[in-house]
6 protein chains.
Amino acid sequence: MLYVTRREVFSASHRLHNESLSSIENRQIYGKCNNPYGHGHNYVLEVVVAGEVDPITGYVIDIKSLKDLIIEQVVSKVDHRHLNYEVDFMKGIIPTTENFAIAIWNQLSGKIPSGKLYSVKLYETENNYVEYKGE
Amino acid sequence: MLYVTRREVFSASHRLHNESLSSIENRQIYGKCNNPYGHGHNYVLEVVVAGEVDPITGYVIDIKSLKDLIIEQVVSKVDHRHLNYEVDFMKGIIPTTENFAIAIWNQLSGKIPSGKLYSVKLYETENNYVEYKGE
Amino acid sequence: MLYVTRREVFSASHRLHNESLSSIENRQIYGKCNNPYGHGHNYVLEVVVAGEVDPITGYVIDIKSLKDLIIEQVVSKVDHRHLNYEVDFMKGIIPTTENFAIAIWNQLSGKIPSGKLYSVKLYETENNYVEYKGE
Amino acid sequence: MLYVTRREVFSASHRLHNESLSSIENRQIYGKCNNPYGHGHNYVLEVVVAGEVDPITGYVIDIKSLKDLIIEQVVSKVDHRHLNYEVDFMKGIIPTTENFAIAIWNQLSGKIPSGKLYSVKLYETENNYVEYKGE
Amino acid sequence: MLYVTRREVFSASHRLHNESLSSIENRQIYGKCNNPYGHGHNYVLEVVVAGEVDPITGYVIDIKSLKDLIIEQVVSKVDHRHLNYEVDFMKGIIPTTENFAIAIWNQLSGKIPSGKLYSVKLYETENNYVEYKGE
Amino acid sequence: MLYVTRREVFSASHRLHNESLSSIENRQIYGKCNNPYGHGHNYVLEVVVAGEVDPITGYVIDIKSLKDLIIEQVVSKVDHRHLNYEVDFMKGIIPTTENFAIAIWNQLSGKIPSGKLYSVKLYETENNYVEYKGE
């Protein structure tokens with residue numbers, strides 16, 4: 001079993017806000033992340049695929065096909081977008097790093113051409129990141 | 001003469017858009033950076049102060065006072081903000097990295113307690129950055 | 001289950017020395033790390049908390065509260081300090097990266113406000129680091 | 001149980017090519033990685049050793065002995081070499097990152113002086129890496 | 001005057017060898033960099049353009065056009081190639097980092113659509129890099 | 001003219017303290033950097049040599065000879081040492097980053113075998129660094 005990782009970078013903006021809470025509660029929970037116009041990040045995404053090495057190719061997965069899948073399913077939909085308003089797969093989801101990582105997992109799950117999705121690691125800043133393994 | 005650099009990081013969102021141009025022109029010039037809801041970055045700011053070493057302290061400038069000045073004059077005003085709508089010193093300025101670096105220079109210029117402002121370096125992403133030296 | 005990581009940096013000095021061994025033995029085991037005046041590092045600390053996402057907030061843990069806890073329990077006690085002489089929670093412990101990581105775990109364990117402590121990762125240099133998971 | 005990591009860097013070249021396939025098949029599978037003269041990378045290798053802390057030394061393993069082992073068994077044999085033609089332990093192996101990581105594991109396995117080999121992580125670029133845990 | 005930098009990464013192999021010298025002299029000068037099969041690097045290229053800000057766009061140069069130029073004139077010709085055998089603009093040039101940086105400058109010089117080429121910075125490894133400013 | 005940079009890393013400890021000032025003044029100027037037992041850093045040193053390319057070798061300077069010089073004149077004398085007590089070339093000098101960079105310049109100046117010393121850049125942390133060009 002090998003673990004193959006592909007890293008991609010994209011820029012997006014978001015606002016942390018729960019519609020079912022009051023303005024005061026939102027401010028208490030999210031602080032400056034609740035500022036109304038939103039703010040943004042250069043997100044760094046690492047997708048890990050686990051599998052056995054194909055004896056013909058020496059690959060678990062052609063990393064280019066993994067890159068293309070991540071771009072098609074994730075980066076092309078979120079890069080230079082506002083996560084609260086412009087991203088279908090984030091509709092109705094509070095765009096915390098946690099929820100965003102789970103949503104990215106769901107975008108990729110079942111579509112990996114070879115091996116299986118093992119982990120999604122999402123850096124919001126150089127100091128904060130989240131990992132999700134589908135369970 | 002020594003060159004002392006302090007690095008700070010902040011997260012903001014922006015939209016590249018020139019009000020005096022048509023929607024089509026804005027799209028042609030700025031591409032996805034013109035998306036209406038904006039997008040964001042983890043900006044990395046490096047401020048360079050040049051000066052001679054004080055023989056008593058061994059400092060050109062107390063780096064803590066430089067840090068405090070950058071936070072007071074820049075970071076506290078732009079972190080978790082939308083540059084187009086919420087930042088006084090960016091009012092009426094298209095928030096390209098170039099214009100933002102010049103505006104940051106203007107925020108700091110004349111306020112350095114010791115030595116003089118030499119350069120403002122602003123990274124928008126790990127692949128794109130701009131430097132301004134005040135002339 | 002999500003894994004949320006917070007990264008903090010601090011600077012400290014230490015000397016590797018076992019009081020119960022002779023000078024010669026200490027020199028043989030620790031080499032230049034046994035130099036009497038000590039030396040120092042910019043330590044990079046990554047603390048990982050594992051937990052489920054709260055459906056109201058979208059957080060496993062408010063990363064700011066995790067940051068505050070790490071600063072209170074660890075950084076404020078070790079930053080700009082000598083680990084052998086000035087840090088209560090390192091008293092009587094040889095400050096190898098291994099022992100230091102375990103001691104940091106013990107400082108944080110049982111105090112995480114939401115989710116549970118999963119891992120402490122401690123970088124001594126860009127080439128050497130240690131991870132501890134509490135067992 | 002602690003996990004101790006040592007990072008080393010080396011530069012090598014390789015060509016992805018399966019002798020048992022036709023030129024066309026090799027081109028289809030490997031694309032530009034099949035270019036006949038090969039290309040190269042600054043590989044980053046992280047070797048993780050797991051073990052308990054020795055109460056006398058405070059070490060799982062003397063990191064210098066781990067470094068020396070990695071240099072002797074891996075770096076000295078691959079640095080500034082072409083993996084297809086000049087490296088004994090890669091003979092007959094297609095030098096994908098996957099196969100290379102496994103071969104490095106085999107070079108180190110059974111030779112760790114203290115603790116046991118837990119993981120080999122190999123970065124081909126800043127965007128692509130592979131991890132192998134021996135099973 | 002602003003200085004705008006674009007960073008690109010590519011992987012290539014090379015061999016340091018001067019055809020007009022003997023094998024022994026080549027070995028004395030270049031050491032392991034003279035190994036016959038060559039070796040490789042993940043080169044990091046930073047291209048700096050200097051110019052004034054266009055008041056309409058807020059740009060010195062559209063960074064996408066700079067990126068496209070670097071890819072067309074440099075990356076597409078050297079990525080996954082052997083610099084000694086496969087790159088027209090390196091023909092007859094010993095591919096040291098110094099010579100390679102000058103050759104990249106010559107590839108770009110006179111083709112910058114806006115502003116002027118100020119500097120080419122080329123990293124061979126994380127520890128070695130070269131800068132050329134055209135004079 | 002080319003600018004060739006070599007990067008080296010070392011770990012040292014220091015205390016900021018001016019013997020000619022009172023304890024109170026030292027505390028006011030240096031804050032926690034004045035703590036009596038000192039603290040430490042992983043210093044990153046970049047040495048830049050400027051010169052013309054030798055047409056025979058394609059080098060400004062053999063980077064290995066530059067590395068060896070830096071190790072001999074600087075790293076071997078400061079690595080794992082306390083700058084206030086154990087380093088001859090820092091005797092009587094307050095070990096601020098500024099003064100340390102100048103002292104490193106003086107250690108290297110006049111000893112570069114080919115080209116001339118252009119700049120010494122010294123990172124104390126990832127957020128603070130100093131550059132000195134000899135004038």
# chains A, B, ... in the order shown; residues from 1 in each chain; ligands from 1

call {"tool": "interface_residues", "arguments": {"of": "chain E", "to": "chain B", "cutoff": "7 Å", "atoms": "only C-alpha atoms", "output": "list of chain:residue names"}}
result
E:Met1, E:Leu2, E:Tyr3, E:Val4, E:Thr5, E:Arg6, E:Arg7, E:Glu8, E:Gly58, E:Tyr59

call {"tool": "residues_around", "arguments": {"residues": "Phe89 (chain E)", "least_positions_apart": "2", "cutoff": "10 Å", "atoms": "only C-alpha atoms", "output": "list in words"}}
result
Gln73, Val74, Lys77, Val78, Leu83, Glu86, Val87, Lys91, Gly92, Ile93, Phe100, Ala103, Ile104, Asn106 and Gln107 of chain E

call {"tool": "write_last_selection", "arguments": {"atoms": "N, CA and C atoms", "output": "PDB file, in the first residue's frame"}}
result
ATOM      1  N   GLN E  73       8.599  30.825 -23.666  1.00  0.00           N
ATOM      2  CA  GLN E  73      10.002  31.041 -24.025  1.00  0.00           C
ATOM      3  C   GLN E  73      10.978  30.170 -23.220  1.00  0.00           C
ATOM      4  N   VAL E  74      10.555  29.721 -22.051  1.00  0.00           N
ATOM      5  CA  VAL E  74      11.491  28.985 -21.201  1.00  0.00           C
ATOM      6  C   VAL E  74      10.945  27.617 -20.798  1.00  0.00           C
ATOM      7  N   LYS E  77      10.364  24.737 -23.149  1.00  0.00           N
ATOM      8  CA  LYS E  77      11.572  24.261 -23.832  1.00  0.00           C
ATOM      9  C   LYS E  77      12.528  23.502 -22.915  1.00  0.00           C
ATOM     10  N   VAL E  78      12.383  23.642 -21.617  1.00  0.00           N
ATOM     11  CA  VAL E  78      13.349  23.009 -20.710  1.00  0.00           C
ATOM     12  C   VAL E  78      12.728  21.987 -19.759  1.00  0.00           C
ATOM     13  N   LEU E  83      19.365  19.524 -20.388  1.00  0.00           N
ATOM     14  CA  LEU E  83      19.831  20.839 -20.884  1.00  0.00           C
ATOM     15  C   LEU E  83      20.993  20.705 -21.869  1.00  0.00           C
ATOM     16  N   GLU E  86      18.929  18.724 -25.415  1.00  0.00           N
ATOM     17  CA  GLU E  86      17.586  18.893 -25.991  1.00  0.00           C
ATOM     18  C   GLU E  86      17.110  20.333 -26.047  1.00  0.00           C
ATOM     19  N   VAL E  87      17.917  21.290 -25.647  1.00  0.00           N
ATOM     20  CA  VAL E  87      17.426  22.661 -25.540  1.00  0.00           C
ATOM     21  C   VAL E  87      18.207  23.571 -26.491  1.00  0.00           C
ATOM     22  N   LYS E  91      22.426  25.302 -26.555  1.00  0.00           N
ATOM     23  CA  LYS E  91      23.431  24.622 -27.405  1.00  0.00           C
ATOM     24  C   LYS E  91      24.801  25.273 -27.243  1.00  0.00           C
ATOM     25  N   GLY E  92      25.799  24.449 -26.949  1.00  0.00           N
ATOM     26  CA  GLY E  92      27.169  24.941 -26.849  1.00  0.00           C
ATOM     27  C   GLY E  92      27.466  25.707 -25.575  1.00  0.00           C
ATOM     28  N   ILE E  93      26.543  25.695 -24.641  1.00  0.00           N
ATOM     29  CA  ILE E  93      26.712  26.427 -23.381  1.00  0.00           C
ATOM     30  C   ILE E  93      26.828  25.423 -22.241  1.00  0.00           C
ATOM     31  N   PHE E 100      22.935  29.303 -17.344  1.00  0.00           N
ATOM     32  CA  PHE E 100      21.526  29.022 -17.600  1.00  0.00           C
ATOM     33  C   PHE E 100      20.692  30.280 -17.312  1.00  0.00           C
ATOM     34  N   ALA E 103      21.175  32.672 -20.155  1.00  0.00           N
ATOM     35  CA  ALA E 103      20.451  32.213 -21.358  1.00  0.00           C
ATOM     36  C   ALA E 103      18.950  32.458 -21.221  1.00  0.00           C
ATOM     37  N   ILE E 104      18.427  32.280 -20.022  1.00  0.00           N
ATOM     38  CA  ILE E 104      17.004  32.564 -19.798  1.00  0.00           C
ATOM     39  C   ILE E 104      16.744  34.067 -19.966  1.00  0.00           C
ATOM     40  N   ASN E 106      18.332  36.029 -21.924  1.00  0.00           N
ATOM     41  CA  ASN E 106      18.356  36.297 -23.373  1.00  0.00           C
ATOM     42  C   ASN E 106      17.082  35.810 -24.069  1.00  0.00           C
ATOM     43  N   GLN E 107      16.505  34.740 -23.541  1.00  0.00           N
ATOM     44  CA  GLN E 107      15.228  34.257 -24.102  1.00  0.00           C
ATOM     45  C   GLN E 107      14.098  35.261 -23.885  1.00  0.00           C
TER      46      GLN E 107
END

call {"tool": "atom_distance", "arguments": {"atom1": "CA of Ser13 (chain F)", "atom2": "CA of Gly38 (chain C)"}}
result
6.9 Å

call {"tool": "select_by_dssp", "arguments": {"residues": "chain F", "states": "helix (DSSP H, G or I)", "output": "JSON, numbers by chain"}}
result
{"F": [23, 24, 25, 26, 27, 28, 29, 30, 31, 32, 33, 34, 63, 64, 65, 66, 67, 68, 69, 70, 71, 72, 73, 74, 75, 76, 77, 78, 88, 89, 90, 97, 98, 99, 100, 101, 102, 103, 104, 105, 106, 107, 108]}

call {"tool": "write_last_selection", "arguments": {"atoms": "N, CA and C atoms", "output": "short mmCIF file (atom, residue, chain, number, x, y, z; two decimals), in the first residue's frame"}}
result
data_model
loop_
_atom_site.label_atom_id
_atom_site.label_comp_id
_atom_site.auth_asym_id
_atom_site.auth_seq_id
_atom_site.Cartn_x
_atom_site.Cartn_y
_atom_site.Cartn_z
N SER F 23 20.59 47.04 34.64
CA SER F 23 19.64 45.94 34.41
C SER F 23 18.31 46.47 33.90
N ILE F 24 17.88 47.58 34.50
CA ILE F 24 16.58 48.14 34.11
C ILE F 24 16.61 48.63 32.68
N GLU F 25 17.70 49.33 32.34
CA GLU F 25 17.81 49.80 30.95
C GLU F 25 17.86 48.62 29.97
N ASN F 26 18.63 47.60 30.30
CA ASN F 26 18.70 46.42 29.44
C ASN F 26 17.31 45.80 29.24
N ARG F 27 16.58 45.70 30.34
CA ARG F 27 15.23 45.12 30.25
C ARG F 27 14.32 46.00 29.37
N GLN F 28 14.44 47.32 29.54
CA GLN F 28 13.61 48.22 28.74
C GLN F 28 13.92 48.10 27.25
N ILE F 29 15.19 48.01 26.93
CA ILE F 29 15.58 47.97 25.51
C ILE F 29 15.30 46.59 24.90
N TYR F 30 15.68 45.54 25.59
CA TYR F 30 15.68 44.22 24.96
C TYR F 30 14.52 43.31 25.35
N GLY F 31 13.77 43.69 26.39
CA GLY F 31 12.63 42.87 26.78
C GLY F 31 13.04 41.43 27.04
N LYS F 32 12.27 40.47 26.53
CA LYS F 32 12.53 39.05 26.80
C LYS F 32 13.84 38.57 26.18
N CYS F 33 14.37 39.34 25.19
CA CYS F 33 15.67 38.97 24.60
C CYS F 33 16.80 39.16 25.61
N ASN F 34 16.50 39.82 26.74
CA ASN F 34 17.49 40.05 27.80
C ASN F 34 17.44 38.98 28.89
N ILE F 63 30.63 26.78 -6.17
CA ILE F 63 29.76 26.93 -5.00
C ILE F 63 30.24 26.06 -3.84
N LYS F 64 30.92 24.95 -4.17
CA LYS F 64 31.44 24.11 -3.09
C LYS F 64 32.54 24.84 -2.31
N SER F 65 33.37 25.61 -3.01
CA SER F 65 34.42 26.34 -2.29
C SER F 65 33.80 27.46 -1.46
N LEU F 66 32.70 28.04 -1.94
CA LEU F 66 32.00 29.05 -1.14
C LEU F 66 31.39 28.41 0.11
N LYS F 67 30.75 27.26 -0.10
CA LYS F 67 30.19 26.52 1.05
C LYS F 67 31.29 26.20 2.07
N ASP F 68 32.41 25.69 1.60
CA ASP F 68 33.49 25.31 2.52
C ASP F 68 34.01 26.52 3.29
N LEU F 69 34.12 27.66 2.61
CA LEU F 69 34.59 28.88 3.27
C LEU F 69 33.61 29.32 4.36
N ILE F 70 32.30 29.28 4.05
CA ILE F 70 31.30 29.68 5.04
C ILE F 70 31.35 28.76 6.25
N ILE F 71 31.49 27.47 5.99
CA ILE F 71 31.55 26.51 7.10
C ILE F 71 32.79 26.75 7.94
N GLU F 72 33.92 26.94 7.28
CA GLU F 72 35.19 27.12 8.01
C GLU F 72 35.18 28.43 8.81
N GLN F 73 34.76 29.52 8.18
CA GLN F 73 34.88 30.84 8.79
C GLN F 73 33.70 31.19 9.71
N VAL F 74 32.55 30.57 9.48
CA VAL F 74 31.37 30.96 10.26
C VAL F 74 30.73 29.76 10.96
N VAL F 75 30.18 28.83 10.19
CA VAL F 75 29.34 27.79 10.80
C VAL F 75 30.09 26.98 11.84
N SER F 76 31.32 26.58 11.55
CA SER F 76 32.07 25.75 12.51
C SER F 76 32.34 26.50 13.81
N LYS F 77 32.29 27.83 13.77
CA LYS F 77 32.57 28.62 14.97
C LYS F 77 31.33 29.01 15.77
N VAL F 78 30.17 28.93 15.15
CA VAL F 78 28.96 29.40 15.84
C VAL F 78 27.91 28.31 16.06
N ASP F 88 34.85 33.69 19.26
CA ASP F 88 35.92 34.71 19.27
C ASP F 88 35.53 35.96 18.48
N PHE F 89 34.99 35.76 17.28
CA PHE F 89 34.74 36.94 16.45
C PHE F 89 33.52 37.76 16.90
N MET F 90 32.85 37.32 17.96
CA MET F 90 31.73 38.08 18.53
C MET F 90 32.11 38.68 19.89
N THR F 97 20.96 40.75 15.56
CA THR F 97 21.08 40.23 14.19
C THR F 97 21.92 41.18 13.35
N GLU F 98 21.75 42.49 13.58
CA GLU F 98 22.53 43.48 12.83
C GLU F 98 24.03 43.29 13.05
N ASN F 99 24.43 43.29 14.33
CA ASN F 99 25.86 43.16 14.62
C ASN F 99 26.41 41.81 14.19
N PHE F 100 25.60 40.77 14.30
CA PHE F 100 26.05 39.43 13.92
C PHE F 100 26.27 39.38 12.40
N ALA F 101 25.39 40.01 11.63
CA ALA F 101 25.55 40.03 10.17
C ALA F 101 26.83 40.76 9.78
N ILE F 102 27.10 41.88 10.45
CA ILE F 102 28.33 42.63 10.15
C ILE F 102 29.56 41.79 10.51
N ALA F 103 29.50 41.11 11.64
CA ALA F 103 30.64 40.29 12.06
C ALA F 103 30.88 39.13 11.08
N ILE F 104 29.80 38.57 10.56
CA ILE F 104 29.94 37.50 9.57
C ILE F 104 30.56 38.07 8.29
N TRP F 105 30.11 39.25 7.88
CA TRP F 105 30.73 39.92 6.72
C TRP F 105 32.24 40.04 6.93
N ASN F 106 32.63 40.50 8.12
CA ASN F 106 34.06 40.69 8.38
C ASN F 106 34.83 39.37 8.38
N GLN F 107 34.16 38.30 8.79
CA GLN F 107 34.80 36.98 8.75
C GLN F 107 35.08 36.53 7.32
N LEU F 108 34.22 36.92 6.40
CA LEU F 108 34.31 36.41 5.02
C LEU F 108 35.05 37.38 4.09
#

call {"tool": "select_by_dssp", "arguments": {"residues": "region 13-80 of chain E", "states": "strand (DSSP E or B)", "output": "JSON, numbers by chain"}}
result
{"E": [13, 14, 39, 40, 41, 42, 43, 44, 45, 46, 47, 48, 49, 50, 51]}

call {"tool": "atom_distance", "arguments": {"atom1": "CA of Val60 (chain E)", "atom2": "CA of Leu117 (chain E)"}}
result
11.7 Å

call {"tool": "atom_distance", "arguments": {"atom1": "CA of His80 (chain A)", "atom2": "CA of Gly40 (chain B)"}}
result
7.3 Å
